[in-house]
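Input: a single structure, listed below in structure tokens.
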Amino acid sequence: MFIDVAKIKLKAGKGGDGAVAFRREKYEPAGGPFGGDGGDGGSIILQADEGIRTLMDFRYKRFYKAEDGERGKTKKQYGKKGQDLILKVPVGTLVKDADSGKVIIDMKEHGQVYTIAKGGKGGRGNAKFATSTRQAPKFAETGTEGEEITVILELKLLADVGLVGFPNVGKSTLLSILSAAKPKIANYHFTTLKPNLGVVQIDEGKSFVIADIPGLIEGAHEGAGLGHDFLRHVERTRVLVHVLDASGMEGRNPIDDFYKINEELVKYNPKLSNKPQIIAANKMDLPEAEEWLEKIEEELKPMGYEIYPISAATMKGVDELKFAIWNTLLNTKPEYETFDEEMEITLKEPEKTIIVKKENGRYIVEGSYIEKLINSTNFDDLDSLRYFQNALKQKGVVEELKKLGIEDNDTVFICGYEFEFFD
Ligand SMILES: Nc1nc2c(ncn2[C@@H]2O[C@H](COP(=O)(O)OP(=O)(O)OP(=O)(O)O)[C@@H](O)[C@H]2O)c(=O)[nH]1
Ligand SMILES: [Mg+2]
């Protein structure tokens with residue numbers, strides 16, 4: 001099995017900070033709070049797309065960041081929300097957490113979306129903290145950080161395109177020049193013992209997987225040669241490229257070869273005759289190839305086959321063939337299969353927003369809510385401090401600390417900062 005893998009780092013946008021601002025108008029010397037909320041940070045969203053066939057693009061670009069939210073503005077204006085970043089992945093992509101190796105999600109269906117890194121929340125501006133007793137709050141909330149995660153994308157590659165043909169016609173050679181695959185190539189039959197897969201890139205976001213299907217000979221459907229094992233690979237491809245040796249150098253007739261191989265395919269599974277087939281007349285650099293090409297065209301063109309004369313040795317005609325394959329793929333409905341093994345999907349554990357604990361005799365308070373609270377507190381401002389203390393009470397933190405045995409004058413570490421406890 002051939003697996004395409006990419007490791008990428010993702011960072012969602014930070015929420016914009018809330019603004020501290022006051023109304024300044026001619027006849028209102030002590031204006032009210034006027035700071036608006038920050039915008040939320042953009043999230044990173046994965047989207048399964050059947051038009052994307054490989055993870056090629058993720059090998060070039062490895063870090064992705066969504067836009068930050070804008071800061072809140074004066075006049076109670078909201079900051080703009082950061083734009084979400086949508087990453088398209090092939091259908092069948094398995095997404096794993098790089099740290100734990102656990103599966104986060106299997107992107108199985110076309111169009112499926114999943115928020116892999118959530119944008120931070122925008123902070124509230126000081127206008128939101130005004131109450132009847134606190135008319136001029138000098139603090140606002142900071143926006144929270146966007147989620148950050150490194151993921152491993154895995155895709156079990158199934159060939160979109162199968163190269164079929166008699167042994168020694170040049171299937172592996174063709175594979176090696178279309179892709180980065182390095183199959184064994186040699187001038188004897190059954191050089192290739194197992195299909196090799198390669199990724200062919202057309203352009204950004206456009207690529208496909210191709211395999212050389214070895215060992216097909218007369219009687220393959222009954223087990224002759226090696227072909228029987230590999231015929232099921234052929235079943236899974238969408239397009240076949242039928243490679244013929246147009247030089248006839250081995251004394252066979254390429255037209256006979258064509259019929260023989262197709263007969264084997266149909267005997268194995270009649271549905272295989274429905275697959276689009278493109279003919280590559282190979283070894284055009286050799287003498288006698290021109291003559292054979294004419295015969296091949298005369299015979300097979302009227303049957304509706306597209307025929308591409310190529311030389312895998314000199315690469316002549318190979319680009320034309322490559323684009324013809326791509327075009328045929330575009331017009332053929334994909335049949336894909338995702339991971340068929342049963343597997344356990346572990347969802348991300350929701351983050352504990354408040355943790356109160358006693359460790360080695362120390363009282364510790366932490367968690368994302370507390371962090372956010374601390375970041376938003378202006379410790380030089382009495383109102384702000386009061387808000388902080390009330391919040392700790394309301395959230396039950398004080399209660400928890402008392403249960404753990406805290407007493408007045410004891411030290412408590414809140415997100416790493418030292419405080420003295422007074423009830
Ligand atoms: N002159 C010439 N030789 C070629 C060309 N393409 C392939 N060959 C040669 O043909 C021989 C067989 O090539 P392979 O690519 O191994 O053929 P295959 O179809 O994969 O063969 P099996 O793996 O045995 O089924 C090698 O010696 C290649 O160098 C071509 O366009 N021109
Ligand atoms: Mg081969």
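By order of appearance in the structure tokens: chains A, B, ..., then residues from 1 within every chain, and ligands from 1 in the order shown.
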Q) Excluding same-chain residues fewer than 3 positions from Ile149 of chain A, what lies within 12 Å of it counting only C-alpha atoms, as a PyMOL selection string? A) chain A and resi 7-12+43-44+63-65+95-100+104+115-119+146+152+348
**Q.** Backbone DSSP call of alpha helix (DSSP H) for segment 15-68 of chain A, listed as a ChimeraX atom specification
**A.** /A:56-60
Write the residues you've just listed into a file as a compact mmCIF listing (two decimals), in the first residue's frame, and include N, CA and C atoms for each of them.
```txt
# COMPACT_ATOMS: atom_id res chain seq x y z
N MET A 56 0.19 16.45 -2.47
CA MET A 56 1.34 17.12 -3.07
C MET A 56 1.52 18.57 -2.58
N ASP A 57 0.45 19.35 -2.61
CA ASP A 57 0.56 20.78 -2.27
C ASP A 57 1.05 21.00 -0.85
N PHE A 58 0.70 20.07 0.04
CA PHE A 58 1.08 20.24 1.45
C PHE A 58 2.54 19.91 1.69
N ARG A 59 3.21 19.38 0.70
CA ARG A 59 4.63 19.11 0.86
C ARG A 59 5.43 20.38 0.61
N TYR A 60 4.87 21.28 -0.16
CA TYR A 60 5.60 22.52 -0.45
C TYR A 60 5.35 23.58 0.61
```
Q | Protein and nucleic acid residues within 12 Å of ligand 2 (only C-alpha atoms and all ligand atoms) as a ChimeraX atom specification | A | /A:163-176,181-197,211-216,226,243
Atoms kept (N, CA and C atoms) for selection, written as a compact mmCIF listing (two decimals), in the first residue's frame:
```txt
# COMPACT_ATOMS: atom_id res chain seq x y z
N LEU A 163 -1.52 1.72 -15.84
CA LEU A 163 -0.81 1.47 -17.10
C LEU A 163 -0.88 -0.03 -17.35
N VAL A 164 -1.56 -0.43 -18.41
CA VAL A 164 -1.65 -1.86 -18.71
C VAL A 164 -0.96 -2.14 -20.05
N GLY A 165 -0.65 -3.38 -20.26
CA GLY A 165 0.02 -3.77 -21.49
C GLY A 165 0.87 -4.99 -21.27
N PHE A 166 1.36 -5.57 -22.36
CA PHE A 166 2.22 -6.75 -22.27
C PHE A 166 3.52 -6.44 -21.52
N PRO A 167 4.18 -7.45 -21.01
CA PRO A 167 5.48 -7.22 -20.39
C PRO A 167 6.43 -6.56 -21.38
N ASN A 168 7.31 -5.74 -20.86
CA ASN A 168 8.41 -5.13 -21.63
C ASN A 168 7.98 -4.06 -22.64
N VAL A 169 6.74 -3.62 -22.58
CA VAL A 169 6.32 -2.59 -23.54
C VAL A 169 6.74 -1.19 -23.09
N GLY A 170 7.15 -1.06 -21.81
CA GLY A 170 7.63 0.25 -21.33
C GLY A 170 6.73 0.93 -20.31
N LYS A 171 5.92 0.15 -19.61
CA LYS A 171 5.00 0.73 -18.61
C LYS A 171 5.78 1.41 -17.48
N SER A 172 6.77 0.71 -16.96
CA SER A 172 7.53 1.27 -15.84
C SER A 172 8.36 2.47 -16.29
N THR A 173 8.88 2.39 -17.49
CA THR A 173 9.66 3.53 -18.01
C THR A 173 8.76 4.76 -18.09
N LEU A 174 7.55 4.57 -18.59
CA LEU A 174 6.61 5.68 -18.70
C LEU A 174 6.26 6.23 -17.31
N LEU A 175 6.02 5.33 -16.37
CA LEU A 175 5.72 5.76 -14.99
C LEU A 175 6.87 6.61 -14.45
N SER A 176 8.09 6.17 -14.72
CA SER A 176 9.26 6.85 -14.15
C SER A 176 9.44 8.25 -14.72
N ALA A 181 8.45 8.36 -9.19
CA ALA A 181 8.64 6.95 -8.83
C ALA A 181 9.87 6.38 -9.54
N LYS A 182 10.53 5.44 -8.87
CA LYS A 182 11.73 4.86 -9.47
C LYS A 182 11.59 3.34 -9.58
N PRO A 183 10.71 2.88 -10.47
CA PRO A 183 10.53 1.43 -10.61
C PRO A 183 11.72 0.82 -11.34
N LYS A 184 11.85 -0.46 -11.16
CA LYS A 184 12.93 -1.17 -11.86
C LYS A 184 12.55 -1.27 -13.34
N ILE A 185 13.54 -0.99 -14.17
CA ILE A 185 13.31 -1.03 -15.61
C ILE A 185 14.38 -1.93 -16.22
N ALA A 186 13.96 -2.90 -17.02
CA ALA A 186 14.97 -3.74 -17.65
C ALA A 186 14.37 -4.43 -18.86
N ASN A 187 15.25 -4.85 -19.71
CA ASN A 187 14.82 -5.42 -20.98
C ASN A 187 14.50 -6.91 -20.87
N TYR A 188 13.64 -7.27 -20.00
CA TYR A 188 13.12 -8.64 -19.97
C TYR A 188 11.70 -8.63 -19.39
N HIS A 189 11.00 -9.70 -19.62
CA HIS A 189 9.60 -9.76 -19.17
C HIS A 189 9.53 -9.93 -17.65
N PHE A 190 8.46 -9.46 -17.08
CA PHE A 190 8.22 -9.55 -15.62
C PHE A 190 9.32 -8.88 -14.79
N THR A 191 9.80 -7.77 -15.28
CA THR A 191 10.75 -6.99 -14.49
C THR A 191 10.04 -6.48 -13.24
N THR A 192 8.83 -5.99 -13.46
CA THR A 192 8.05 -5.46 -12.35
C THR A 192 7.23 -6.60 -11.75
N LEU A 193 7.35 -6.76 -10.43
CA LEU A 193 6.62 -7.86 -9.79
C LEU A 193 5.39 -7.38 -9.03
N LYS A 194 5.37 -6.12 -8.71
CA LYS A 194 4.25 -5.52 -7.98
C LYS A 194 4.02 -4.14 -8.55
N PRO A 195 2.77 -3.68 -8.55
CA PRO A 195 2.56 -2.33 -9.12
C PRO A 195 3.33 -1.27 -8.33
N ASN A 196 3.85 -0.30 -9.05
CA ASN A 196 4.48 0.87 -8.42
C ASN A 196 3.53 2.04 -8.60
N LEU A 197 3.47 2.88 -7.58
CA LEU A 197 2.62 4.05 -7.71
C LEU A 197 3.44 5.32 -7.77
N ALA A 211 -0.28 4.02 -11.73
CA ALA A 211 0.40 2.78 -11.34
C ALA A 211 0.71 1.94 -12.57
N ASP A 212 1.84 1.27 -12.55
CA ASP A 212 2.12 0.31 -13.63
C ASP A 212 1.59 -1.04 -13.17
N ILE A 213 0.72 -1.61 -13.95
CA ILE A 213 0.14 -2.90 -13.57
C ILE A 213 0.92 -3.98 -14.31
N PRO A 214 1.72 -4.74 -13.58
CA PRO A 214 2.60 -5.68 -14.28
C PRO A 214 1.95 -7.04 -14.51
N GLY A 215 2.64 -7.82 -15.29
CA GLY A 215 2.36 -9.24 -15.37
C GLY A 215 1.12 -9.66 -16.15
N LEU A 216 0.56 -8.76 -16.95
CA LEU A 216 -0.62 -9.18 -17.71
C LEU A 216 -0.17 -9.89 -18.98
N LEU A 226 1.53 -12.92 -13.59
CA LEU A 226 1.34 -12.42 -12.22
C LEU A 226 0.07 -11.62 -12.15
N VAL A 243 -0.55 0.59 -22.93
CA VAL A 243 0.76 0.82 -23.57
C VAL A 243 1.03 -0.30 -24.58
```
Excluding Leu330 of chain A and its own-chain neighbours fewer than 4 positions away, which residues fall within 12 Å of it when counting only C-alpha atoms? Please give them as a PDB file with all heavy atoms, in the first residue's frame.
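To be explicit, this is the file written out as out_3.pdb:
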```pdb
ATOM      1  N   GLU A  50     -13.163  16.173  -3.812  1.00  0.00           N
ATOM      2  CA  GLU A  50     -12.788  15.053  -4.687  1.00  0.00           C
ATOM      3  C   GLU A  50     -11.939  15.512  -5.881  1.00  0.00           C
ATOM      4  O   GLU A  50     -11.354  14.693  -6.581  1.00  0.00           O
ATOM      5  CB  GLU A  50     -14.022  14.285  -5.148  1.00  0.00           C
ATOM      6  CG  GLU A  50     -15.001  15.112  -5.936  1.00  0.00           C
ATOM      7  CD  GLU A  50     -16.351  14.415  -6.142  1.00  0.00           C
ATOM      8  OE1 GLU A  50     -16.596  13.380  -5.504  1.00  0.00           O
ATOM      9  OE2 GLU A  50     -17.134  14.939  -6.943  1.00  0.00           O
ATOM     10  N   GLY A  51     -11.854  16.821  -6.085  1.00  0.00           N
ATOM     11  CA  GLY A  51     -11.003  17.328  -7.160  1.00  0.00           C
ATOM     12  C   GLY A  51      -9.529  17.285  -6.788  1.00  0.00           C
ATOM     13  O   GLY A  51      -8.663  17.381  -7.641  1.00  0.00           O
ATOM     14  N   ILE A  52      -9.253  17.144  -5.486  1.00  0.00           N
ATOM     15  CA  ILE A  52      -7.867  17.077  -5.032  1.00  0.00           C
ATOM     16  C   ILE A  52      -7.549  15.607  -4.830  1.00  0.00           C
ATOM     17  O   ILE A  52      -8.255  14.921  -4.114  1.00  0.00           O
ATOM     18  CB  ILE A  52      -7.706  17.817  -3.674  1.00  0.00           C
ATOM     19  CG1 ILE A  52      -8.377  19.173  -3.714  1.00  0.00           C
ATOM     20  CG2 ILE A  52      -6.247  17.868  -3.241  1.00  0.00           C
ATOM     21  CD1 ILE A  52      -7.537  20.311  -4.104  1.00  0.00           C
ATOM     22  N   ARG A  53      -6.482  15.131  -5.464  1.00  0.00           N
ATOM     23  CA  ARG A  53      -6.227  13.689  -5.444  1.00  0.00           C
ATOM     24  C   ARG A  53      -5.042  13.281  -4.590  1.00  0.00           C
ATOM     25  O   ARG A  53      -4.907  12.117  -4.256  1.00  0.00           O
ATOM     26  CB  ARG A  53      -6.009  13.177  -6.882  1.00  0.00           C
ATOM     27  CG  ARG A  53      -7.131  13.507  -7.833  1.00  0.00           C
ATOM     28  CD  ARG A  53      -8.429  12.834  -7.459  1.00  0.00           C
ATOM     29  NE  ARG A  53      -8.301  11.379  -7.441  1.00  0.00           N
ATOM     30  CZ  ARG A  53      -9.219  10.550  -6.976  1.00  0.00           C
ATOM     31  NH1 ARG A  53     -10.334  11.040  -6.476  1.00  0.00           N
ATOM     32  NH2 ARG A  53      -9.029   9.258  -6.997  1.00  0.00           N
ATOM     33  N   ASP A 160      -5.423   6.413  -9.749  1.00  0.00           N
ATOM     34  CA  ASP A 160      -6.484   6.935 -10.612  1.00  0.00           C
ATOM     35  C   ASP A 160      -6.331   6.336 -12.003  1.00  0.00           C
ATOM     36  O   ASP A 160      -7.297   6.148 -12.720  1.00  0.00           O
ATOM     37  CB  ASP A 160      -6.344   8.460 -10.748  1.00  0.00           C
ATOM     38  CG  ASP A 160      -6.439   9.164  -9.412  1.00  0.00           C
ATOM     39  OD1 ASP A 160      -7.492   9.035  -8.775  1.00  0.00           O
ATOM     40  OD2 ASP A 160      -5.469   9.825  -9.012  1.00  0.00           O
ATOM     41  N   LYS A 206      -3.494  20.248  -8.918  1.00  0.00           N
ATOM     42  CA  LYS A 206      -3.910  19.294  -9.947  1.00  0.00           C
ATOM     43  C   LYS A 206      -2.880  18.181 -10.041  1.00  0.00           C
ATOM     44  O   LYS A 206      -1.779  18.399 -10.557  1.00  0.00           O
ATOM     45  CB  LYS A 206      -3.995  19.976 -11.317  1.00  0.00           C
ATOM     46  CG  LYS A 206      -5.074  21.016 -11.455  1.00  0.00           C
ATOM     47  CD  LYS A 206      -5.029  21.548 -12.866  1.00  0.00           C
ATOM     48  CE  LYS A 206      -5.993  22.713 -13.033  1.00  0.00           C
ATOM     49  NZ  LYS A 206      -5.783  23.364 -14.332  1.00  0.00           N
ATOM     50  N   SER A 207      -3.237  17.040  -9.544  1.00  0.00           N
ATOM     51  CA  SER A 207      -2.316  15.919  -9.657  1.00  0.00           C
ATOM     52  C   SER A 207      -3.118  14.625  -9.630  1.00  0.00           C
ATOM     53  O   SER A 207      -4.283  14.625  -9.241  1.00  0.00           O
ATOM     54  CB  SER A 207      -1.304  15.943  -8.503  1.00  0.00           C
ATOM     55  OG  SER A 207      -1.966  15.943  -7.266  1.00  0.00           O
ATOM     56  N   PHE A 208      -2.501  13.551 -10.052  1.00  0.00           N
ATOM     57  CA  PHE A 208      -3.190  12.272  -9.993  1.00  0.00           C
ATOM     58  C   PHE A 208      -2.185  11.153  -9.720  1.00  0.00           C
ATOM     59  O   PHE A 208      -0.973  11.362  -9.782  1.00  0.00           O
ATOM     60  CB  PHE A 208      -4.001  12.002 -11.268  1.00  0.00           C
ATOM     61  CG  PHE A 208      -3.191  11.944 -12.531  1.00  0.00           C
ATOM     62  CD1 PHE A 208      -2.600  10.756 -12.946  1.00  0.00           C
ATOM     63  CD2 PHE A 208      -3.036  13.079 -13.329  1.00  0.00           C
ATOM     64  CE1 PHE A 208      -1.871  10.699 -14.126  1.00  0.00           C
ATOM     65  CE2 PHE A 208      -2.301  13.027 -14.511  1.00  0.00           C
ATOM     66  CZ  PHE A 208      -1.719  11.836 -14.917  1.00  0.00           C
ATOM     67  N   ARG A 238      -9.605   4.651 -12.513  1.00  0.00           N
ATOM     68  CA  ARG A 238     -10.678   5.304 -13.256  1.00  0.00           C
ATOM     69  C   ARG A 238     -10.412   5.320 -14.745  1.00  0.00           C
ATOM     70  O   ARG A 238     -11.314   5.335 -15.554  1.00  0.00           O
ATOM     71  CB  ARG A 238     -10.823   6.753 -12.778  1.00  0.00           C
ATOM     72  CG  ARG A 238     -11.436   6.852 -11.412  1.00  0.00           C
ATOM     73  CD  ARG A 238     -11.849   8.265 -11.156  1.00  0.00           C
ATOM     74  NE  ARG A 238     -10.739   9.107 -10.811  1.00  0.00           N
ATOM     75  CZ  ARG A 238     -10.689  10.419 -11.044  1.00  0.00           C
ATOM     76  NH1 ARG A 238     -11.673  11.008 -11.677  1.00  0.00           N
ATOM     77  NH2 ARG A 238      -9.649  11.114 -10.665  1.00  0.00           N
ATOM     78  N   VAL A 239      -9.125   5.368 -15.084  1.00  0.00           N
ATOM     79  CA  VAL A 239      -8.750   5.456 -16.495  1.00  0.00           C
ATOM     80  C   VAL A 239      -7.596   4.485 -16.738  1.00  0.00           C
ATOM     81  O   VAL A 239      -6.724   4.332 -15.891  1.00  0.00           O
ATOM     82  CB  VAL A 239      -8.298   6.898 -16.833  1.00  0.00           C
ATOM     83  CG1 VAL A 239      -7.706   6.987 -18.226  1.00  0.00           C
ATOM     84  CG2 VAL A 239      -9.455   7.882 -16.672  1.00  0.00           C
ATOM     85  N   PRO A 276     -12.637   4.149 -19.406  1.00  0.00           N
ATOM     86  CA  PRO A 276     -12.000   4.836 -20.539  1.00  0.00           C
ATOM     87  C   PRO A 276     -10.574   4.335 -20.726  1.00  0.00           C
ATOM     88  O   PRO A 276      -9.869   4.095 -19.750  1.00  0.00           O
ATOM     89  CB  PRO A 276     -11.979   6.307 -20.109  1.00  0.00           C
ATOM     90  CG  PRO A 276     -12.791   6.419 -18.879  1.00  0.00           C
ATOM     91  CD  PRO A 276     -13.044   5.054 -18.335  1.00  0.00           C
ATOM     92  N   PHE A 323      -1.472  15.304 -20.549  1.00  0.00           N
ATOM     93  CA  PHE A 323      -2.646  16.188 -20.494  1.00  0.00           C
ATOM     94  C   PHE A 323      -3.914  15.481 -20.957  1.00  0.00           C
ATOM     95  O   PHE A 323      -5.000  15.745 -20.458  1.00  0.00           O
ATOM     96  CB  PHE A 323      -2.397  17.478 -21.276  1.00  0.00           C
ATOM     97  CG  PHE A 323      -1.396  18.359 -20.578  1.00  0.00           C
ATOM     98  CD1 PHE A 323      -0.121  18.546 -21.087  1.00  0.00           C
ATOM     99  CD2 PHE A 323      -1.718  18.958 -19.358  1.00  0.00           C
ATOM    100  CE1 PHE A 323       0.814  19.330 -20.400  1.00  0.00           C
ATOM    101  CE2 PHE A 323      -0.801  19.732 -18.669  1.00  0.00           C
ATOM    102  CZ  PHE A 323       0.471  19.920 -19.199  1.00  0.00           C
ATOM    103  N   ALA A 324      -3.754  14.557 -21.886  1.00  0.00           N
ATOM    104  CA  ALA A 324      -4.920  13.780 -22.332  1.00  0.00           C
ATOM    105  C   ALA A 324      -5.450  12.937 -21.171  1.00  0.00           C
ATOM    106  O   ALA A 324      -6.666  12.808 -20.968  1.00  0.00           O
ATOM    107  CB  ALA A 324      -4.536  12.894 -23.508  1.00  0.00           C
ATOM    108  N   ILE A 325      -4.541  12.382 -20.380  1.00  0.00           N
ATOM    109  CA  ILE A 325      -4.961  11.576 -19.224  1.00  0.00           C
ATOM    110  C   ILE A 325      -5.717  12.472 -18.243  1.00  0.00           C
ATOM    111  O   ILE A 325      -6.793  12.127 -17.755  1.00  0.00           O
ATOM    112  CB  ILE A 325      -3.741  10.933 -18.514  1.00  0.00           C
ATOM    113  CG1 ILE A 325      -3.008   9.965 -19.432  1.00  0.00           C
ATOM    114  CG2 ILE A 325      -4.184  10.219 -17.232  1.00  0.00           C
ATOM    115  CD1 ILE A 325      -1.671   9.459 -18.866  1.00  0.00           C
ATOM    116  N   TRP A 326      -5.146  13.634 -17.986  1.00  0.00           N
ATOM    117  CA  TRP A 326      -5.779  14.563 -17.038  1.00  0.00           C
ATOM    118  C   TRP A 326      -7.193  14.948 -17.510  1.00  0.00           C
ATOM    119  O   TRP A 326      -8.147  14.934 -16.736  1.00  0.00           O
ATOM    120  CB  TRP A 326      -4.895  15.808 -16.863  1.00  0.00           C
ATOM    121  CG  TRP A 326      -5.509  16.828 -15.962  1.00  0.00           C
ATOM    122  CD1 TRP A 326      -5.998  18.044 -16.312  1.00  0.00           C
ATOM    123  CD2 TRP A 326      -5.731  16.705 -14.539  1.00  0.00           C
ATOM    124  NE1 TRP A 326      -6.506  18.688 -15.209  1.00  0.00           N
ATOM    125  CE2 TRP A 326      -6.356  17.900 -14.115  1.00  0.00           C
ATOM    126  CE3 TRP A 326      -5.468  15.704 -13.602  1.00  0.00           C
ATOM    127  CZ2 TRP A 326      -6.720  18.124 -12.786  1.00  0.00           C
ATOM    128  CZ3 TRP A 326      -5.832  15.930 -12.278  1.00  0.00           C
ATOM    129  CH2 TRP A 326      -6.451  17.117 -11.884  1.00  0.00           C
ATOM    130  N   PRO A 334     -15.054  10.045 -10.103  1.00  0.00           N
ATOM    131  CA  PRO A 334     -14.125   9.319  -9.235  1.00  0.00           C
ATOM    132  C   PRO A 334     -14.824   8.222  -8.445  1.00  0.00           C
ATOM    133  O   PRO A 334     -15.962   8.377  -8.015  1.00  0.00           O
ATOM    134  CB  PRO A 334     -13.589  10.387  -8.286  1.00  0.00           C
ATOM    135  CG  PRO A 334     -14.598  11.461  -8.303  1.00  0.00           C
ATOM    136  CD  PRO A 334     -15.306  11.402  -9.619  1.00  0.00           C
TER     137      PRO A 334
END
```
(Q) Run DSSP on the backbone and tell me which residues of segment 19-186 of chain A come out as strand (DSSP E); list them as a PyMOL selection string. (A) chain A and resi 44-49+63-65+85-90+93-97+103-107+113-117+148-157+161-164
Q.
I want to know what sits within 9 Å of Ser247 of chain A, based on only C-alpha atoms, with residues of the same chain fewer than 4 positions away left out; could you give that as a list in words?
A.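 Listing them by chain and then by number gives Gly251, Pro254, Ala281, Asn282, Lys283, Met284, Asp285, Leu286, Pro287, Glu288, Ala289, Glu290, Glu291, Trp292 and Leu293 of chain A.
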**Q.** Test item: residues at most 6 Å from Lys81 of chain A, only C-alpha atoms, excluding those fewer than 3 positions along its chain, as a PyMOL selection string
**A.** chain A and resi 39-41+69
Take the residues just selected and output them with N, CA, C and O atoms as a CSV table (one decimal), in the first residue's frame.
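For reference, selection.csv as written:
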```
chain,number,residue,atom,x,y,z
A,39,GLY,N,-12.7,41.7,17.2
A,39,GLY,CA,-13.3,40.7,16.3
A,39,GLY,C,-12.7,39.3,16.6
A,39,GLY,O,-11.6,39.2,17.0
A,40,ASP,N,-13.5,38.3,16.3
A,40,ASP,CA,-12.9,36.9,16.6
A,40,ASP,C,-11.8,36.6,15.5
A,40,ASP,O,-11.9,37.1,14.4
A,41,GLY,N,-10.9,35.8,15.9
A,41,GLY,CA,-9.9,35.3,14.9
A,41,GLY,C,-10.5,34.3,14.0
A,41,GLY,O,-11.4,33.6,14.3
A,69,GLY,N,-8.3,38.6,14.4
A,69,GLY,CA,-9.4,39.5,14.5
A,69,GLY,C,-8.9,40.9,14.7
A,69,GLY,O,-7.8,41.1,15.2
```
**Q.** atom CA of Met249 of chain A to atom CA of Gln277 of chain A, distance in Å rounded to a single decimal
**A.** 23.6 Å
Q: Using atom CA of Thr237 of chain A and atom CA of Glu204 of chain A as the two end points, give the distance in Å to one decimal.
A: 22.3 Å
**Q.** Residues near segment 296-299 of chain A, cut-off 12 Å, only C-alpha atoms, skip fewer than 2 positions along chain, as a ChimeraX atom specification
**A.** /A:244-248,253-259,279-282,289-294,301-309
